[in-house]
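Chemist: Contents are compact mmCIF, C-alpha atoms; file name work02.txt:
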```
# COMPACT_ATOMS: atom_id res chain seq x y z
CA MET A 109 0.00 0.00 0.00
CA THR A 110 1.08 3.52 -0.51
CA ALA A 111 1.33 5.47 2.69
CA ALA A 112 -0.20 8.56 1.13
CA ASN A 113 -3.50 7.14 0.03
CA GLY A 114 -4.01 3.74 1.64
CA ARG A 115 -4.25 1.93 -1.70
CA ARG A 116 -2.13 -1.05 -2.49
CA GLN A 117 0.67 -0.34 -4.89
CA GLY A 118 1.20 -2.78 -7.70
CA ALA A 119 -1.10 -5.11 -9.52
CA THR A 120 -0.78 -8.73 -8.59
CA GLY A 121 -4.09 -9.96 -9.95
CA GLY A 122 -4.59 -12.04 -13.05
CA ASP A 123 -6.99 -9.77 -14.89
CA THR A 124 -6.07 -7.79 -18.00
CA VAL A 125 -5.83 -4.51 -16.10
CA SER A 126 -3.20 -6.04 -13.79
CA ALA A 127 -1.03 -6.82 -16.79
CA VAL A 128 -1.36 -3.26 -18.09
CA VAL A 129 -0.53 -1.83 -14.66
CA ARG A 130 2.54 -4.08 -14.35
CA GLN A 131 3.73 -2.84 -17.75
CA TRP A 132 3.31 0.79 -16.71
CA GLN A 133 5.09 0.13 -13.43
CA ALA A 134 8.03 -1.33 -15.36
CA VAL A 135 8.22 1.81 -17.49
CA HIS A 136 7.51 4.27 -14.62
CA PRO A 137 8.29 2.47 -11.33
CA GLY A 138 7.45 5.44 -9.10
CA LEU A 139 4.07 6.12 -10.67
CA ASP A 140 0.97 5.55 -8.50
CA THR A 141 -1.20 3.33 -10.72
CA GLY A 142 -3.99 3.04 -8.15
CA PRO A 143 -6.43 5.16 -10.17
CA MET A 144 -5.72 3.08 -13.27
CA GLU A 145 -6.49 -0.07 -11.32
CA ILE A 146 -9.94 1.25 -10.44
CA ILE A 147 -10.94 3.18 -13.57
CA GLY A 148 -9.43 0.56 -15.87
CA ARG A 149 -11.37 -2.21 -14.15
CA ILE A 150 -14.62 -0.24 -14.21
CA ASN A 151 -14.19 0.38 -17.94
CA ARG A 152 -13.22 -3.23 -18.69
CA CYS A 153 -16.12 -4.61 -16.63
CA ALA A 154 -18.53 -2.24 -18.38
CA ALA A 155 -17.34 -3.34 -21.82
CA LEU A 156 -17.60 -7.05 -20.98
CA LEU A 157 -20.98 -6.67 -19.31
CA GLN A 158 -22.37 -4.75 -22.26
CA GLN A 159 -21.21 -7.38 -24.75
CA ALA A 160 -22.85 -10.19 -22.82
CA GLU A 161 -25.99 -8.42 -21.67
CA ASP A 162 -26.81 -7.25 -25.14
CA ALA A 163 -27.37 -10.85 -26.29
CA PRO A 164 -31.06 -10.89 -25.26
CA LEU A 165 -31.47 -7.52 -26.93
CA ARG A 166 -29.88 -8.69 -30.16
CA GLN A 167 -32.22 -11.70 -30.17
CA ALA A 168 -35.13 -9.26 -29.93
CA GLY A 169 -33.65 -7.13 -32.71
CA LEU A 170 -32.89 -4.20 -30.42
CA SER A 171 -29.78 -2.21 -29.73
CA ARG A 172 -28.87 -1.19 -26.17
CA PRO A 173 -29.80 2.48 -26.83
CA GLU A 174 -33.18 1.45 -28.27
CA PHE A 175 -33.88 -0.71 -25.23
CA ASP A 176 -32.88 2.19 -22.98
CA LEU A 177 -35.56 4.36 -24.66
CA LEU A 178 -38.19 1.65 -24.28
CA GLY A 179 -37.11 1.09 -20.68
CA ALA A 180 -37.36 4.79 -19.87
CA LEU A 181 -40.93 4.86 -21.16
CA ARG A 182 -41.82 1.69 -19.24
CA ARG A 183 -40.28 2.67 -15.89
CA THR A 184 -41.66 6.22 -15.88
CA GLY A 185 -45.10 4.88 -16.77
CA HIS A 186 -46.18 7.81 -18.90
CA GLU A 187 -45.59 9.61 -22.16
CA LEU A 188 -42.33 11.48 -22.57
CA THR A 189 -41.19 14.05 -25.09
CA PRO A 190 -38.07 13.31 -27.13
CA SER A 191 -36.20 15.91 -25.02
CA GLU A 192 -37.22 14.12 -21.83
CA LEU A 193 -36.13 10.81 -23.34
CA ALA A 194 -32.76 12.30 -24.21
CA ARG A 195 -32.29 13.36 -20.57
CA GLU A 196 -33.50 10.00 -19.24
CA THR A 197 -31.11 8.04 -21.46
CA PHE A 198 -28.13 10.42 -21.54
CA SER A 199 -28.45 10.66 -25.33
CA SER A 200 -28.40 13.47 -27.85
CA GLY A 201 -31.64 14.74 -29.34
CA ALA A 202 -30.59 13.64 -32.80
CA ALA A 203 -29.83 10.10 -31.58
CA VAL A 204 -33.20 9.88 -29.84
CA THR A 205 -34.99 11.06 -32.98
CA LYS A 206 -33.27 8.39 -35.08
CA ARG A 207 -34.04 5.64 -32.56
CA LEU A 208 -37.64 6.71 -32.17
CA LYS A 209 -38.12 6.52 -35.93
CA ALA A 210 -36.91 2.90 -35.94
CA LEU A 211 -38.99 1.96 -32.90
CA THR A 212 -42.08 3.60 -34.40
CA GLU A 213 -41.61 1.67 -37.65
CA ARG A 214 -41.45 -1.54 -35.60
CA GLY A 215 -44.68 -0.65 -33.82
CA LEU A 216 -43.04 -0.46 -30.37
CA VAL A 217 -43.74 3.22 -29.70
CA GLU A 218 -46.29 5.75 -30.88
CA ARG A 219 -45.83 9.49 -31.29
CA ARG A 220 -48.58 12.04 -31.04
CA GLY A 221 -48.46 15.77 -31.46
CA ASP A 222 -49.14 18.17 -28.64
CA THR A 223 -52.55 19.78 -28.88
CA ARG A 224 -51.18 23.21 -27.91
CA ASP A 225 -47.73 23.19 -29.54
CA ARG A 226 -47.32 21.36 -32.85
CA ARG A 227 -43.51 21.37 -32.43
CA VAL A 228 -43.77 19.07 -29.42
CA ALA A 229 -44.28 15.32 -29.73
CA HIS A 230 -45.28 12.91 -27.00
CA VAL A 231 -44.03 9.32 -27.13
CA ARG A 232 -45.58 6.31 -25.48
CA LEU A 233 -45.09 2.57 -25.57
CA THR A 234 -47.47 0.46 -27.58
CA ASP A 235 -48.74 -2.77 -26.08
CA ALA A 236 -46.12 -4.60 -28.17
CA GLY A 237 -43.38 -2.31 -26.81
CA ARG A 238 -44.48 -2.83 -23.21
CA ASP A 239 -44.67 -6.60 -23.70
CA LEU A 240 -41.19 -6.66 -25.24
CA VAL A 241 -39.63 -4.72 -22.37
CA ASP A 242 -41.44 -6.87 -19.81
CA SER A 243 -40.25 -10.08 -21.48
CA ILE A 244 -36.58 -9.01 -21.78
CA LEU A 245 -36.14 -7.41 -18.35
CA PRO A 246 -36.34 -10.61 -16.25
CA GLU A 247 -33.76 -12.29 -18.50
CA GLN A 248 -31.49 -9.27 -18.13
CA LEU A 249 -31.82 -9.23 -14.34
CA ALA A 250 -31.15 -12.98 -14.16
CA TYR A 251 -27.95 -12.45 -16.13
CA GLU A 252 -26.85 -9.62 -13.84
CA THR A 253 -27.61 -11.71 -10.75
CA ALA A 254 -25.49 -14.55 -12.12
CA VAL A 255 -22.60 -12.20 -12.90
CA LEU A 256 -22.67 -10.68 -9.43
CA SER A 257 -22.96 -14.04 -7.69
CA VAL A 258 -19.14 -14.23 -7.55
CA LEU A 259 -19.38 -11.54 -4.83
CA ASP A 260 -21.03 -12.26 -1.51
CA PRO A 261 -24.10 -10.11 -0.73
CA ARG A 262 -22.09 -7.87 1.60
CA GLY A 263 -19.49 -7.31 -1.13
CA GLN A 264 -22.24 -6.48 -3.61
CA GLY A 265 -23.65 -3.91 -1.19
CA GLU A 266 -20.25 -2.36 -0.58
CA LEU A 267 -19.52 -2.17 -4.31
CA ALA A 268 -22.93 -0.61 -4.99
CA ASP A 269 -22.35 1.98 -2.25
CA LEU A 270 -18.85 2.86 -3.48
CA LEU A 271 -19.94 3.15 -7.10
CA GLY A 272 -22.96 5.20 -6.02
CA GLU A 273 -20.71 7.57 -4.10
CA LEU A 274 -18.37 7.94 -7.08
CA LEU A 275 -21.23 8.42 -9.53
CA GLY A 276 -22.91 10.97 -7.29
CA ARG A 277 -19.70 12.99 -7.13
CA LEU A 278 -19.12 12.78 -10.87
CA GLU A 279 -22.71 13.74 -11.68
CA GLY A 280 -22.86 16.49 -9.09
CA THR A 281 -19.57 18.24 -9.76
CA PRO A 282 -19.62 20.37 -12.92
CA GLY A 283 -16.32 20.23 -14.75
CA MET A 284 -14.94 17.40 -12.61
CA LEU A 285 -14.32 15.22 -15.64
CA ARG A 286 -12.55 17.96 -17.59
CA ALA A 287 -8.80 18.21 -17.54
```
Write out the structure in this file as C-alpha cells.

Modeler:
Amino acid sequence: MTAANGRRQGATGGDTVSAVVRQWQAVHPGLDTGPMEIIGRINRCAALLQQAEDAPLRQAGLSRPEFDLLGALRRTGHELTPSELARETFSSGAAVTKRLKALTERGLVERRGDTRDRRVAHVRLTDAGRDLVDSILPEQLAYETAVLSVLDPRGQGELADLLGELLGRLEGTPGMLRA
C-alpha cells in the first residue's frame, strides 16, 4: 500500500488490467497506478458486461440504446417528449430522434403531437413495446444476478455503495471530468 493514500501499490491480480498496470510500473516504477487499477477495471467490466448483456437484446432485434428508450418509457409509466427521453437516457436529441423513428416503424412506440404546440411530440409505448420490455427485463436481471454471484451479498452492497458515491460525485460536480 502507498502510505499517502491507503491503496495497495502494484497489480498482482490475473486480470487484464493487472497486466497493463505491471507494464506501466516497469516503465515508470514510481508512478501511483492506483487510479488506473480502479478506472481501468470499471471500464473493462462495463465493456464485458455490455457485450454479454446485449445478447437478449440482439435476439429481440434491439440495440442497447433502443432498449434504454423503451425502458425509460416503461419505468416512468407515462408519455415522454423526445427531449425528456434524451435526458433519461443520456443521449443526444438527434440520436433519440433516429431511434424513435426505428422503434415507431417496428410498432413499439407511438408518437402524437401536442394539442397546444405542434412542435412538441409525446411518445408512449405500444402494447407490443411494453410486452417486449417486460419479457426481456427478467432475462437481463437474471444475467446480472449470475454475474454478481461471484461476490457475496455484503461485497455487492459495498460495491454498490462505493460506485454510487463515485457516480454521485461525478454527476454532481460540474467540470470534474474535464482536464

Chemist: Take atom CA of Val258 of chain A and atom CA of Gln158 of chain A and report the distance between them in Å, one decimal.

Modeler: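 One can read the atom CA of Val258 of chain A to atom CA of Gln158 of chain A distance as 17.8 Å.
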
Chemist: Restricting the calculation to only C-alpha atoms, which member of A:Ala163, A:Leu177, A:Ala134, A:Val241 is positioned closest to Lys209 of chain A?

Modeler: A:Leu177

Chemist: Which polymer residues have any atom within 10 Å of an atom of segment 245-255 of chain A, counting all atoms listed in the file, with same-chain residues fewer than 2 positions away left out, as a PyMOL selection string?

Modeler: chain A and resi 157+160-165+175+179+240-243+257-259

Chemist: Point out the residue among A:Pro173, A:Gly237, A:Gly215, A:Pro261 with the least atom-to-atom distance to Glu196 of chain A, counting only C-alpha atoms.

Modeler: A:Pro173

Chemist: Suppose you want the space between atom CA of Gln167 of chain A and atom CA of Arg214 of chain A; what is it in Å?

Modeler: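 If I compute the distance from atom CA of Gln167 of chain A to atom CA of Arg214 of chain A, I get 14.8 Å.
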
Chemist: Return as lines of an AutoDock Vina configuration file the box centre and box size in Å, one decimal, for an axis-aligned box around all listed atoms of segment 248-260 of chain A padded by 3 Å per side.

Modeler:
```
center_x = -25.5
center_y = -11.9
center_z = -9.8
size_x = 18.7
size_y = 11.3
size_z = 22.6
```

Chemist: Counting all atoms listed in the file, what is within 8 Å of Arg207 of chain A, bar same-chain residues fewer than 3 positions away, as a ChimeraX atom specification?

Modeler: /A:173-174,203-204,210-211

Chemist: Measuring atom to atom with all atoms listed in the file, identify which of A:Gly221, A:Gln159, A:Glu145, A:Val128 is nearest to Ser171 of chain A.

Modeler: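 Counting all atoms listed in the file, the residue closest to Ser171 of chain A is A:Gln159.
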
Chemist: Rounded to one decimal, what separation in Å do you get between atom CA of Pro190 of chain A and atom CA of Leu208 of chain A?

Modeler: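 Interatomic distance, atom CA of Pro190 of chain A to atom CA of Leu208 of chain A: 8.3 Å.
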
Chemist: Find, counting only C-alpha atoms, the residue in A:Leu267, A:Leu274, A:Ala168, A:Cys153 that gets nearest to Asp239 of chain A.

Modeler: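 Answer, going by the shortest atom-to-atom distance: A:Ala168.
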
Chemist: Can you work out which one of A:Ser199, A:Thr189, A:Thr212, A:Thr141 has the shortest atom-to-atom distance to Arg172 of chain A, counting all atoms listed in the file?

Modeler: A:Ser199

Chemist: Which residue out of A:Asp260, A:Arg195, A:Leu188, A:Ala180 has the minimum interatomic distance to Ala229 of chain A when all atoms listed in the file are used?

Modeler: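 Of A:Asp260, A:Arg195, A:Leu188, A:Ala180, the one nearest Ala229 of chain A is A:Leu188, counting all atoms listed in the file.
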